[in-house]
Amino acid sequence: MYKPLSIFLLILLAGCSHMTQPDKNTSMKADDQTSSEQLYWVNSWQRTCQGVGEMLCLQVQKVNQNNPKNPDIESWQLFYAPIEDFDYELGYVYQIRLKKTRLPAEQVPADASSIRYELIEVLDKQADETLRLHDIWALTELNGRDIEPMIAHNDRQQRPSLEFNLNKMQVFGTDSCNRLSGGIEALGQGRIKFGALATTLMACPDMKLADEFTQALNQVKYYQLSDLKLTLLNADEQSILEFKKVD
């Protein structure tokens, strides 16, 4: 009476022996999913950032497939990790292809990123003059007028000037009476966007130059660099401030 049951079990075991075994390639594909390729822009200068201590970080952004030829000057982000095999050079905007790999927890050193970035190829490298702004500039013209006569008749009046610190994305200077400072919110491709500018509150005998300089500075939208000259322009691309580089 037990023979039919025994035969049934033998058939069942034989069928199981022919079931599909796990494919080794399947597990390899699952592992491969921890890696991906991505396109990034890399900006032409570095920003001050805070890691274990203060350091300089690359500025990057993913390539927008709707506009793959130009980065967005307001979309740069600090990049804290190293990029293996990437020989970065200041003064150039890069488009690069990266391999991004998420490492298993047991392979991640203490205080290190769990993601490894490796350069696959440099797709584009273009010289960019924006870094030249990182300097001190003395005003020479205001709204199309030479300011020398305005400076000459008043010994107490300082020449307005600006100092750009691109690592910190800040601007400092004087309006001829008060010191000023503020942030740079966006910069590149001939465009510049200042944040709110703060000034000291000294009252000088003659505030005409200071007031006109500050009003012009608040209208700035574009910049041009030519040799040792910096020109700041308004929304209509009219020159409103001209500076010479200070050695």
# chains A, B, ... in the order shown; residues from 1 in each chain; ligands from 1
>>> select_by_dssp(residues="segment 91-235 of chain A", states="helix (DSSP H, G or I)", output="MDAnalysis selection string")
chainID A and resid 105:107 129:133 148:152 208:217
>>> residues_around(residues="Gly182 of chain A", least_positions_apart="4", cutoff="9 Å", atoms="only C-alpha atoms", output="list in words")
Met169, Gln170, Val171, Phe172, Phe194, Gly195, Ala196, Leu197, Ala198 and Thr199 of chain A
>>> write_last_selection(atoms="N, CA, C and O atoms", output="CSV table (one decimal), in the first residue's frame")
chain,number,residue,atom,x,y,z
A,169,MET,N,33.7,83.2,-2.3
A,169,MET,CA,32.5,83.9,-3.0
A,169,MET,C,32.0,85.1,-2.3
A,169,MET,O,30.9,85.3,-2.0
A,170,GLN,N,33.0,86.0,-2.0
A,170,GLN,CA,32.7,87.2,-1.3
A,170,GLN,C,33.4,88.4,-2.0
A,170,GLN,O,34.3,88.2,-2.7
A,171,VAL,N,32.8,89.6,-1.7
A,171,VAL,CA,33.4,90.8,-2.3
A,171,VAL,C,33.5,91.8,-1.1
A,171,VAL,O,32.7,91.8,-0.2
A,172,PHE,N,34.6,92.5,-1.1
A,172,PHE,CA,34.9,93.5,-0.1
A,172,PHE,C,35.3,94.8,-0.8
A,172,PHE,O,35.7,94.8,-1.9
A,194,PHE,N,25.4,89.7,-7.2
A,194,PHE,CA,25.7,89.9,-5.8
A,194,PHE,C,24.6,89.6,-4.9
A,194,PHE,O,23.4,89.8,-5.2
A,195,GLY,N,24.9,89.2,-3.6
A,195,GLY,CA,24.0,89.2,-2.6
A,195,GLY,C,23.8,90.6,-2.0
A,195,GLY,O,24.3,91.6,-2.5
A,196,ALA,N,23.1,90.6,-0.8
A,196,ALA,CA,23.0,91.9,-0.1
A,196,ALA,C,24.3,92.4,0.3
A,196,ALA,O,25.1,91.7,0.9
A,197,LEU,N,24.6,93.7,0.1
A,197,LEU,CA,25.9,94.3,0.5
A,197,LEU,C,25.7,95.1,1.8
A,197,LEU,O,24.8,95.9,1.9
A,198,ALA,N,26.5,94.8,2.7
A,198,ALA,CA,26.5,95.6,4.0
A,198,ALA,C,27.6,96.6,4.0
A,198,ALA,O,28.7,96.4,3.5
A,199,THR,N,27.3,97.8,4.6
A,199,THR,CA,28.3,98.8,4.7
A,199,THR,C,28.4,99.3,6.2
A,199,THR,O,27.5,99.2,6.9
>>> residues_around(residues="Ala210 of chain A", least_positions_apart="3", cutoff="6 Å", atoms="only C-alpha atoms", output="list of chain:residue names")
A:Asp175, A:Ser176, A:Met207, A:Phe213
>>> closest_residue(among="A:Lys69, A:Arg145, A:His134, A:His153", to="Tyr94 of chain A", atoms="only C-alpha atoms")
A:Lys69
>>> closest_residue(among="A:Arg156, A:Lys221, A:Asp146, A:Val246", to="Cys204 of chain A", atoms="only C-alpha atoms")
A:Arg156
>>> atom_distance(atom1="atom CA of Lys100 of chain A", atom2="atom CA of Ser114 of chain A")
10.4 Å
>>> residues_around(residues="Gly188 of chain A", least_positions_apart="5", cutoff="12 Å", atoms="only C-alpha atoms", output="PDB file with all heavy atoms, in the first residue's frame")
ATOM      1  N   ASN A  43      33.913  73.356 -12.289  1.00  0.00           N
ATOM      2  CA  ASN A  43      34.150  74.790 -12.464  1.00  0.00           C
ATOM      3  C   ASN A  43      35.645  75.116 -12.478  1.00  0.00           C
ATOM      4  O   ASN A  43      36.485  74.303 -12.083  1.00  0.00           O
ATOM      5  CB  ASN A  43      33.443  75.571 -11.355  1.00  0.00           C
ATOM      6  CG  ASN A  43      33.033  76.962 -11.803  1.00  0.00           C
ATOM      7  OD1 ASN A  43      33.353  77.399 -12.907  1.00  0.00           O
ATOM      8  ND2 ASN A  43      32.319  77.675 -10.953  1.00  0.00           N
ATOM      9  N   SER A  44      35.957  76.345 -12.895  1.00  0.00           N
ATOM     10  CA  SER A  44      37.351  76.729 -13.135  1.00  0.00           C
ATOM     11  C   SER A  44      38.100  77.176 -11.889  1.00  0.00           C
ATOM     12  O   SER A  44      39.288  77.475 -11.964  1.00  0.00           O
ATOM     13  CB  SER A  44      37.406  77.848 -14.185  1.00  0.00           C
ATOM     14  OG  SER A  44      36.718  79.002 -13.720  1.00  0.00           O
ATOM     15  N   TRP A  45      37.424  77.265 -10.767  1.00  0.00           N
ATOM     16  CA  TRP A  45      38.122  77.576  -9.519  1.00  0.00           C
ATOM     17  C   TRP A  45      37.479  76.783  -8.390  1.00  0.00           C
ATOM     18  O   TRP A  45      36.390  76.242  -8.522  1.00  0.00           O
ATOM     19  CB  TRP A  45      38.104  79.074  -9.216  1.00  0.00           C
ATOM     20  CG  TRP A  45      36.806  79.625  -8.706  1.00  0.00           C
ATOM     21  CD1 TRP A  45      36.431  79.792  -7.403  1.00  0.00           C
ATOM     22  CD2 TRP A  45      35.687  80.075  -9.490  1.00  0.00           C
ATOM     23  NE1 TRP A  45      35.162  80.320  -7.324  1.00  0.00           N
ATOM     24  CE2 TRP A  45      34.683  80.509  -8.592  1.00  0.00           C
ATOM     25  CE3 TRP A  45      35.436  80.159 -10.860  1.00  0.00           C
ATOM     26  CZ2 TRP A  45      33.456  81.013  -9.016  1.00  0.00           C
ATOM     27  CZ3 TRP A  45      34.212  80.656 -11.285  1.00  0.00           C
ATOM     28  CH2 TRP A  45      33.244  81.078 -10.378  1.00  0.00           C
ATOM     29  N   ASN A  70      26.305  74.029 -21.780  1.00  0.00           N
ATOM     30  CA  ASN A  70      26.672  75.081 -20.832  1.00  0.00           C
ATOM     31  C   ASN A  70      26.198  74.734 -19.427  1.00  0.00           C
ATOM     32  O   ASN A  70      25.047  74.331 -19.245  1.00  0.00           O
ATOM     33  CB  ASN A  70      26.048  76.424 -21.237  1.00  0.00           C
ATOM     34  CG  ASN A  70      26.631  76.970 -22.520  1.00  0.00           C
ATOM     35  OD1 ASN A  70      27.805  77.301 -22.597  1.00  0.00           O
ATOM     36  ND2 ASN A  70      25.799  77.048 -23.555  1.00  0.00           N
ATOM     37  N   PRO A  71      27.064  74.922 -18.420  1.00  0.00           N
ATOM     38  CA  PRO A  71      26.612  74.743 -17.040  1.00  0.00           C
ATOM     39  C   PRO A  71      25.762  75.928 -16.601  1.00  0.00           C
ATOM     40  O   PRO A  71      25.829  77.013 -17.182  1.00  0.00           O
ATOM     41  CB  PRO A  71      27.925  74.683 -16.248  1.00  0.00           C
ATOM     42  CG  PRO A  71      28.903  75.446 -17.085  1.00  0.00           C
ATOM     43  CD  PRO A  71      28.497  75.235 -18.515  1.00  0.00           C
ATOM     44  N   ASP A  72      24.971  75.725 -15.564  1.00  0.00           N
ATOM     45  CA  ASP A  72      24.144  76.778 -14.976  1.00  0.00           C
ATOM     46  C   ASP A  72      24.957  77.447 -13.870  1.00  0.00           C
ATOM     47  O   ASP A  72      25.367  76.781 -12.913  1.00  0.00           O
ATOM     48  CB  ASP A  72      22.865  76.158 -14.409  1.00  0.00           C
ATOM     49  CG  ASP A  72      21.947  77.177 -13.751  1.00  0.00           C
ATOM     50  OD1 ASP A  72      22.312  78.370 -13.702  1.00  0.00           O
ATOM     51  OD2 ASP A  72      20.872  76.783 -13.266  1.00  0.00           O
ATOM     52  N   ILE A  73      25.187  78.752 -13.969  1.00  0.00           N
ATOM     53  CA  ILE A  73      26.074  79.418 -13.007  1.00  0.00           C
ATOM     54  C   ILE A  73      25.494  79.448 -11.599  1.00  0.00           C
ATOM     55  O   ILE A  73      26.217  79.735 -10.642  1.00  0.00           O
ATOM     56  CB  ILE A  73      26.438  80.848 -13.460  1.00  0.00           C
ATOM     57  CG1 ILE A  73      25.214  81.771 -13.444  1.00  0.00           C
ATOM     58  CG2 ILE A  73      27.100  80.838 -14.815  1.00  0.00           C
ATOM     59  CD1 ILE A  73      25.567  83.239 -13.600  1.00  0.00           C
ATOM     60  N   GLU A  74      24.203  79.151 -11.442  1.00  0.00           N
ATOM     61  CA  GLU A  74      23.597  79.153 -10.111  1.00  0.00           C
ATOM     62  C   GLU A  74      23.448  77.746  -9.530  1.00  0.00           C
ATOM     63  O   GLU A  74      22.853  77.578  -8.468  1.00  0.00           O
ATOM     64  CB  GLU A  74      22.230  79.845 -10.156  1.00  0.00           C
ATOM     65  CG  GLU A  74      22.302  81.314 -10.560  1.00  0.00           C
ATOM     66  CD  GLU A  74      20.994  82.055 -10.344  1.00  0.00           C
ATOM     67  OE1 GLU A  74      20.381  81.857  -9.283  1.00  0.00           O
ATOM     68  OE2 GLU A  74      20.590  82.824 -11.234  1.00  0.00           O
ATOM     69  N   SER A  75      23.992  76.735 -10.209  1.00  0.00           N
ATOM     70  CA  SER A  75      23.775  75.352  -9.771  1.00  0.00           C
ATOM     71  C   SER A  75      25.041  74.641  -9.308  1.00  0.00           C
ATOM     72  O   SER A  75      25.034  73.424  -9.131  1.00  0.00           O
ATOM     73  CB  SER A  75      23.132  74.542 -10.910  1.00  0.00           C
ATOM     74  OG  SER A  75      21.854  75.055 -11.227  1.00  0.00           O
ATOM     75  N   TRP A  76      26.132  75.374  -9.108  1.00  0.00           N
ATOM     76  CA  TRP A  76      27.361  74.727  -8.652  1.00  0.00           C
ATOM     77  C   TRP A  76      27.210  74.230  -7.223  1.00  0.00           C
ATOM     78  O   TRP A  76      26.629  74.913  -6.378  1.00  0.00           O
ATOM     79  CB  TRP A  76      28.543  75.689  -8.736  1.00  0.00           C
ATOM     80  CG  TRP A  76      28.907  76.094 -10.125  1.00  0.00           C
ATOM     81  CD1 TRP A  76      28.756  77.327 -10.688  1.00  0.00           C
ATOM     82  CD2 TRP A  76      29.481  75.265 -11.140  1.00  0.00           C
ATOM     83  NE1 TRP A  76      29.198  77.321 -11.986  1.00  0.00           N
ATOM     84  CE2 TRP A  76      29.650  76.064 -12.296  1.00  0.00           C
ATOM     85  CE3 TRP A  76      29.868  73.924 -11.190  1.00  0.00           C
ATOM     86  CZ2 TRP A  76      30.192  75.577 -13.477  1.00  0.00           C
ATOM     87  CZ3 TRP A  76      30.403  73.435 -12.374  1.00  0.00           C
ATOM     88  CH2 TRP A  76      30.564  74.254 -13.498  1.00  0.00           C
ATOM     89  N   GLY A  91      41.470  77.440 -13.708  1.00  0.00           N
ATOM     90  CA  GLY A  91      41.316  78.279 -14.889  1.00  0.00           C
ATOM     91  C   GLY A  91      40.653  77.598 -16.071  1.00  0.00           C
ATOM     92  O   GLY A  91      40.560  78.188 -17.148  1.00  0.00           O
ATOM     93  N   TYR A  92      40.158  76.377 -15.864  1.00  0.00           N
ATOM     94  CA  TYR A  92      39.494  75.644 -16.939  1.00  0.00           C
ATOM     95  C   TYR A  92      38.172  75.064 -16.443  1.00  0.00           C
ATOM     96  O   TYR A  92      38.085  74.563 -15.315  1.00  0.00           O
ATOM     97  CB  TYR A  92      40.369  74.498 -17.452  1.00  0.00           C
ATOM     98  CG  TYR A  92      41.606  74.961 -18.183  1.00  0.00           C
ATOM     99  CD1 TYR A  92      42.782  75.213 -17.491  1.00  0.00           C
ATOM    100  CD2 TYR A  92      41.585  75.163 -19.565  1.00  0.00           C
ATOM    101  CE1 TYR A  92      43.918  75.650 -18.147  1.00  0.00           C
ATOM    102  CE2 TYR A  92      42.720  75.598 -20.230  1.00  0.00           C
ATOM    103  CZ  TYR A  92      43.882  75.842 -19.522  1.00  0.00           C
ATOM    104  OH  TYR A  92      45.005  76.282 -20.179  1.00  0.00           O
ATOM    105  N   VAL A  93      37.157  75.143 -17.294  1.00  0.00           N
ATOM    106  CA  VAL A  93      35.882  74.467 -17.032  1.00  0.00           C
ATOM    107  C   VAL A  93      35.916  73.134 -17.766  1.00  0.00           C
ATOM    108  O   VAL A  93      36.220  73.080 -18.962  1.00  0.00           O
ATOM    109  CB  VAL A  93      34.687  75.312 -17.511  1.00  0.00           C
ATOM    110  CG1 VAL A  93      33.382  74.533 -17.366  1.00  0.00           C
ATOM    111  CG2 VAL A  93      34.605  76.615 -16.722  1.00  0.00           C
ATOM    112  N   ASP A 128      38.852  79.488 -18.982  1.00  0.00           N
ATOM    113  CA  ASP A 128      37.835  80.385 -18.423  1.00  0.00           C
ATOM    114  C   ASP A 128      38.548  81.497 -17.660  1.00  0.00           C
ATOM    115  O   ASP A 128      39.357  81.233 -16.769  1.00  0.00           O
ATOM    116  CB  ASP A 128      36.909  79.599 -17.493  1.00  0.00           C
ATOM    117  CG  ASP A 128      35.862  80.478 -16.833  1.00  0.00           C
ATOM    118  OD1 ASP A 128      35.348  81.388 -17.508  1.00  0.00           O
ATOM    119  OD2 ASP A 128      35.568  80.265 -15.646  1.00  0.00           O
ATOM    120  N   GLU A 129      38.246  82.748 -17.995  1.00  0.00           N
ATOM    121  CA  GLU A 129      38.958  83.877 -17.407  1.00  0.00           C
ATOM    122  C   GLU A 129      38.353  84.360 -16.092  1.00  0.00           C
ATOM    123  O   GLU A 129      38.875  85.291 -15.475  1.00  0.00           O
ATOM    124  CB  GLU A 129      39.002  85.040 -18.392  1.00  0.00           C
ATOM    125  CG  GLU A 129      37.654  85.628 -18.737  1.00  0.00           C
ATOM    126  CD  GLU A 129      37.752  86.811 -19.683  1.00  0.00           C
ATOM    127  OE1 GLU A 129      38.845  87.060 -20.225  1.00  0.00           O
ATOM    128  OE2 GLU A 129      36.739  87.497 -19.868  1.00  0.00           O
ATOM    129  N   THR A 130      37.278  83.725 -15.622  1.00  0.00           N
ATOM    130  CA  THR A 130      36.598  84.205 -14.415  1.00  0.00           C
ATOM    131  C   THR A 130      37.545  84.326 -13.232  1.00  0.00           C
ATOM    132  O   THR A 130      37.431  85.255 -12.423  1.00  0.00           O
ATOM    133  CB  THR A 130      35.431  83.267 -14.048  1.00  0.00           C
ATOM    134  OG1 THR A 130      34.561  83.140 -15.167  1.00  0.00           O
ATOM    135  CG2 THR A 130      34.642  83.815 -12.873  1.00  0.00           C
ATOM    136  N   LEU A 131      38.502  83.421 -13.128  1.00  0.00           N
ATOM    137  CA  LEU A 131      39.426  83.428 -11.991  1.00  0.00           C
ATOM    138  C   LEU A 131      40.223  84.725 -11.909  1.00  0.00           C
ATOM    139  O   LEU A 131      40.709  85.091 -10.835  1.00  0.00           O
ATOM    140  CB  LEU A 131      40.366  82.224 -12.088  1.00  0.00           C
ATOM    141  CG  LEU A 131      41.262  81.930 -10.877  1.00  0.00           C
ATOM    142  CD1 LEU A 131      40.421  81.677  -9.629  1.00  0.00           C
ATOM    143  CD2 LEU A 131      42.167  80.741 -11.158  1.00  0.00           C
ATOM    144  N   ARG A 132      40.341  85.446 -13.011  1.00  0.00           N
ATOM    145  CA  ARG A 132      41.070  86.716 -12.999  1.00  0.00           C
ATOM    146  C   ARG A 132      40.391  87.764 -12.120  1.00  0.00           C
ATOM    147  O   ARG A 132      41.027  88.741 -11.702  1.00  0.00           O
ATOM    148  CB  ARG A 132      41.215  87.253 -14.425  1.00  0.00           C
ATOM    149  CG  ARG A 132      42.172  86.458 -15.302  1.00  0.00           C
ATOM    150  CD  ARG A 132      42.201  87.014 -16.718  1.00  0.00           C
ATOM    151  NE  ARG A 132      42.446  88.449 -16.714  1.00  0.00           N
ATOM    152  CZ  ARG A 132      42.054  89.275 -17.681  1.00  0.00           C
ATOM    153  NH1 ARG A 132      41.372  88.806 -18.719  1.00  0.00           N
ATOM    154  NH2 ARG A 132      42.323  90.562 -17.611  1.00  0.00           N
ATOM    155  N   LEU A 133      39.115  87.581 -11.847  1.00  0.00           N
ATOM    156  CA  LEU A 133      38.417  88.507 -10.947  1.00  0.00           C
ATOM    157  C   LEU A 133      38.987  88.470  -9.533  1.00  0.00           C
ATOM    158  O   LEU A 133      38.841  89.434  -8.773  1.00  0.00           O
ATOM    159  CB  LEU A 133      36.927  88.150 -10.876  1.00  0.00           C
ATOM    160  CG  LEU A 133      35.990  88.740 -11.921  1.00  0.00           C
ATOM    161  CD1 LEU A 133      34.608  88.130 -11.767  1.00  0.00           C
ATOM    162  CD2 LEU A 133      35.918  90.249 -11.791  1.00  0.00           C
ATOM    163  N   LEU A 166      37.157  84.719  -4.684  1.00  0.00           N
ATOM    164  CA  LEU A 166      36.324  83.689  -5.303  1.00  0.00           C
ATOM    165  C   LEU A 166      36.301  82.399  -4.501  1.00  0.00           C
ATOM    166  O   LEU A 166      35.339  81.635  -4.590  1.00  0.00           O
ATOM    167  CB  LEU A 166      36.796  83.413  -6.735  1.00  0.00           C
ATOM    168  CG  LEU A 166      36.741  84.594  -7.707  1.00  0.00           C
ATOM    169  CD1 LEU A 166      36.878  84.103  -9.145  1.00  0.00           C
ATOM    170  CD2 LEU A 166      35.473  85.414  -7.553  1.00  0.00           C
ATOM    171  N   MET A 169      33.659  83.237  -2.318  1.00  0.00           N
ATOM    172  CA  MET A 169      32.547  83.866  -3.045  1.00  0.00           C
ATOM    173  C   MET A 169      32.042  85.095  -2.285  1.00  0.00           C
ATOM    174  O   MET A 169      30.857  85.255  -1.989  1.00  0.00           O
ATOM    175  CB  MET A 169      31.421  82.865  -3.284  1.00  0.00           C
ATOM    176  CG  MET A 169      31.730  81.859  -4.374  1.00  0.00           C
ATOM    177  SD  MET A 169      31.851  82.593  -6.034  1.00  0.00           S
ATOM    178  CE  MET A 169      30.124  82.637  -6.505  1.00  0.00           C
ATOM    179  N   LYS A 193      26.100  87.918  -9.925  1.00  0.00           N
ATOM    180  CA  LYS A 193      24.945  88.234  -9.086  1.00  0.00           C
ATOM    181  C   LYS A 193      25.432  88.415  -7.655  1.00  0.00           C
ATOM    182  O   LYS A 193      25.895  87.471  -7.022  1.00  0.00           O
ATOM    183  CB  LYS A 193      23.908  87.110  -9.156  1.00  0.00           C
ATOM    184  CG  LYS A 193      22.653  87.353  -8.333  1.00  0.00           C
ATOM    185  CD  LYS A 193      21.685  86.180  -8.475  1.00  0.00           C
ATOM    186  CE  LYS A 193      20.430  86.390  -7.642  1.00  0.00           C
ATOM    187  NZ  LYS A 193      19.503  85.225  -7.752  1.00  0.00           N
ATOM    188  N   LYS A 221      24.885  93.398 -13.361  1.00  0.00           N
ATOM    189  CA  LYS A 221      24.423  92.079 -13.805  1.00  0.00           C
ATOM    190  C   LYS A 221      25.492  91.316 -14.592  1.00  0.00           C
ATOM    191  O   LYS A 221      25.457  90.092 -14.646  1.00  0.00           O
ATOM    192  CB  LYS A 221      23.178  92.226 -14.694  1.00  0.00           C
ATOM    193  CG  LYS A 221      21.989  92.896 -14.023  1.00  0.00           C
ATOM    194  CD  LYS A 221      21.433  92.059 -12.883  1.00  0.00           C
ATOM    195  CE  LYS A 221      20.205  92.728 -12.265  1.00  0.00           C
ATOM    196  NZ  LYS A 221      19.695  91.974 -11.092  1.00  0.00           N
ATOM    197  N   TYR A 222      26.411  92.061 -15.217  1.00  0.00           N
ATOM    198  CA  TYR A 222      27.409  91.439 -16.090  1.00  0.00           C
ATOM    199  C   TYR A 222      28.795  92.002 -15.794  1.00  0.00           C
ATOM    200  O   TYR A 222      28.931  93.065 -15.175  1.00  0.00           O
ATOM    201  CB  TYR A 222      27.073  91.694 -17.570  1.00  0.00           C
ATOM    202  CG  TYR A 222      25.718  91.204 -17.997  1.00  0.00           C
ATOM    203  CD1 TYR A 222      24.634  92.076 -18.055  1.00  0.00           C
ATOM    204  CD2 TYR A 222      25.519  89.874 -18.357  1.00  0.00           C
ATOM    205  CE1 TYR A 222      23.381  91.636 -18.447  1.00  0.00           C
ATOM    206  CE2 TYR A 222      24.270  89.423 -18.754  1.00  0.00           C
ATOM    207  CZ  TYR A 222      23.206  90.307 -18.796  1.00  0.00           C
ATOM    208  OH  TYR A 222      21.967  89.861 -19.177  1.00  0.00           O
ATOM    209  N   TYR A 223      29.806  91.290 -16.257  1.00  0.00           N
ATOM    210  CA  TYR A 223      31.174  91.782 -16.135  1.00  0.00           C
ATOM    211  C   TYR A 223      31.949  91.460 -17.410  1.00  0.00           C
ATOM    212  O   TYR A 223      31.627  90.518 -18.144  1.00  0.00           O
ATOM    213  CB  TYR A 223      31.887  91.167 -14.924  1.00  0.00           C
ATOM    214  CG  TYR A 223      32.160  89.686 -15.056  1.00  0.00           C
ATOM    215  CD1 TYR A 223      33.355  89.215 -15.601  1.00  0.00           C
ATOM    216  CD2 TYR A 223      31.220  88.746 -14.645  1.00  0.00           C
ATOM    217  CE1 TYR A 223      33.600  87.854 -15.734  1.00  0.00           C
ATOM    218  CE2 TYR A 223      31.450  87.388 -14.772  1.00  0.00           C
ATOM    219  CZ  TYR A 223      32.641  86.948 -15.316  1.00  0.00           C
ATOM    220  OH  TYR A 223      32.874  85.604 -15.459  1.00  0.00           O
ATOM    221  N   GLN A 224      32.981  92.263 -17.661  1.00  0.00           N
ATOM    222  CA  GLN A 224      33.899  92.027 -18.773  1.00  0.00           C
ATOM    223  C   GLN A 224      35.320  92.254 -18.274  1.00  0.00           C
ATOM    224  O   GLN A 224      35.568  93.179 -17.495  1.00  0.00           O
ATOM    225  CB  GLN A 224      33.607  92.979 -19.942  1.00  0.00           C
ATOM    226  CG  GLN A 224      32.277  92.751 -20.626  1.00  0.00           C
ATOM    227  CD  GLN A 224      31.993  93.791 -21.708  1.00  0.00           C
ATOM    228  OE1 GLN A 224      32.706  94.787 -21.840  1.00  0.00           O
ATOM    229  NE2 GLN A 224      30.944  93.561 -22.481  1.00  0.00           N
ATOM    230  N   LEU A 225      36.228  91.410 -18.717  1.00  0.00           N
ATOM    231  CA  LEU A 225      37.636  91.534 -18.366  1.00  0.00           C
ATOM    232  C   LEU A 225      38.443  91.764 -19.637  1.00  0.00           C
ATOM    233  O   LEU A 225      38.276  91.042 -20.625  1.00  0.00           O
ATOM    234  CB  LEU A 225      38.123  90.272 -17.659  1.00  0.00           C
ATOM    235  CG  LEU A 225      37.601  90.059 -16.234  1.00  0.00           C
ATOM    236  CD1 LEU A 225      37.733  88.601 -15.824  1.00  0.00           C
ATOM    237  CD2 LEU A 225      38.353  90.956 -15.260  1.00  0.00           C
TER     238      LEU A 225
END
>>> residues_around(residues="Asn143 of chain A", least_positions_apart="4", cutoff="8 Å", atoms="only C-alpha atoms", output="ChimeraX atom specification")
/A:216,239-241
>>> decode(residues="segment 184-203 of chain A", atoms="N, CA and C atoms", output="mmCIF file, in the first residue's frame")
data_model
loop_
_atom_site.group_PDB
_atom_site.id
_atom_site.type_symbol
_atom_site.label_atom_id
_atom_site.label_comp_id
_atom_site.auth_asym_id
_atom_site.auth_seq_id
_atom_site.Cartn_x
_atom_site.Cartn_y
_atom_site.Cartn_z
ATOM 1 N N ILE A 184 28.765 86.745 -3.162
ATOM 2 C CA ILE A 184 28.543 86.607 -4.600
ATOM 3 C C ILE A 184 27.700 85.351 -4.777
ATOM 4 N N GLU A 185 26.480 85.502 -5.231
ATOM 5 C CA GLU A 185 25.557 84.375 -5.301
ATOM 6 C C GLU A 185 25.738 83.540 -6.562
ATOM 7 N N ALA A 186 26.172 84.165 -7.638
ATOM 8 C CA ALA A 186 26.380 83.437 -8.890
ATOM 9 C C ALA A 186 27.416 84.178 -9.718
ATOM 10 N N LEU A 187 28.224 83.397 -10.445
ATOM 11 C CA LEU A 187 29.320 84.008 -11.194
ATOM 12 C C LEU A 187 29.743 83.082 -12.323
ATOM 13 N N GLY A 188 29.962 83.666 -13.498
ATOM 14 C CA GLY A 188 30.475 82.893 -14.620
ATOM 15 C C GLY A 188 29.819 83.285 -15.927
ATOM 16 N N GLN A 189 30.512 82.981 -17.035
ATOM 17 C CA GLN A 189 29.994 83.251 -18.377
ATOM 18 C C GLN A 189 29.624 84.723 -18.557
ATOM 19 N N GLY A 190 30.399 85.603 -17.911
ATOM 20 C CA GLY A 190 30.165 87.035 -18.058
ATOM 21 C C GLY A 190 29.043 87.580 -17.203
ATOM 22 N N ARG A 191 28.456 86.749 -16.365
ATOM 23 C CA ARG A 191 27.354 87.200 -15.503
ATOM 24 C C ARG A 191 27.779 87.140 -14.041
ATOM 25 N N ILE A 192 27.249 88.075 -13.264
ATOM 26 C CA ILE A 192 27.553 88.112 -11.835
ATOM 27 C C ILE A 192 26.306 88.543 -11.074
ATOM 28 N N LYS A 193 26.100 87.918 -9.925
ATOM 29 C CA LYS A 193 24.945 88.234 -9.086
ATOM 30 C C LYS A 193 25.432 88.415 -7.655
ATOM 31 N N PHE A 194 25.353 89.656 -7.175
ATOM 32 C CA PHE A 194 25.747 89.941 -5.804
ATOM 33 C C PHE A 194 24.592 89.642 -4.854
ATOM 34 N N GLY A 195 24.944 89.240 -3.633
ATOM 35 C CA GLY A 195 23.957 89.179 -2.570
ATOM 36 C C GLY A 195 23.812 90.566 -1.957
ATOM 37 N N ALA A 196 23.122 90.635 -0.830
ATOM 38 C CA ALA A 196 22.966 91.924 -0.147
ATOM 39 C C ALA A 196 24.335 92.419 0.318
ATOM 40 N N LEU A 197 24.598 93.698 0.088
ATOM 41 C CA LEU A 197 25.869 94.301 0.480
ATOM 42 C C LEU A 197 25.683 95.100 1.764
ATOM 43 N N ALA A 198 26.536 94.842 2.730
ATOM 44 C CA ALA A 198 26.490 95.566 4.000
ATOM 45 C C ALA A 198 27.597 96.617 4.013
ATOM 46 N N THR A 199 27.325 97.761 4.625
ATOM 47 C CA THR A 199 28.325 98.823 4.722
ATOM 48 C C THR A 199 28.402 99.335 6.153
ATOM 49 N N THR A 200 29.555 99.912 6.468
ATOM 50 C CA THR A 200 29.662 100.630 7.739
ATOM 51 C C THR A 200 28.849 101.919 7.623
ATOM 52 N N LEU A 201 28.690 102.629 8.730
ATOM 53 C CA LEU A 201 27.750 103.756 8.753
ATOM 54 C C LEU A 201 28.422 105.086 9.082
ATOM 55 N N MET A 202 29.617 105.281 8.549
ATOM 56 C CA MET A 202 30.282 106.565 8.741
ATOM 57 C C MET A 202 29.596 107.637 7.898
ATOM 58 N N ALA A 203 29.555 108.842 8.413
ATOM 59 C CA ALA A 203 28.998 109.979 7.675
ATOM 60 C C ALA A 203 30.146 110.890 7.266
#
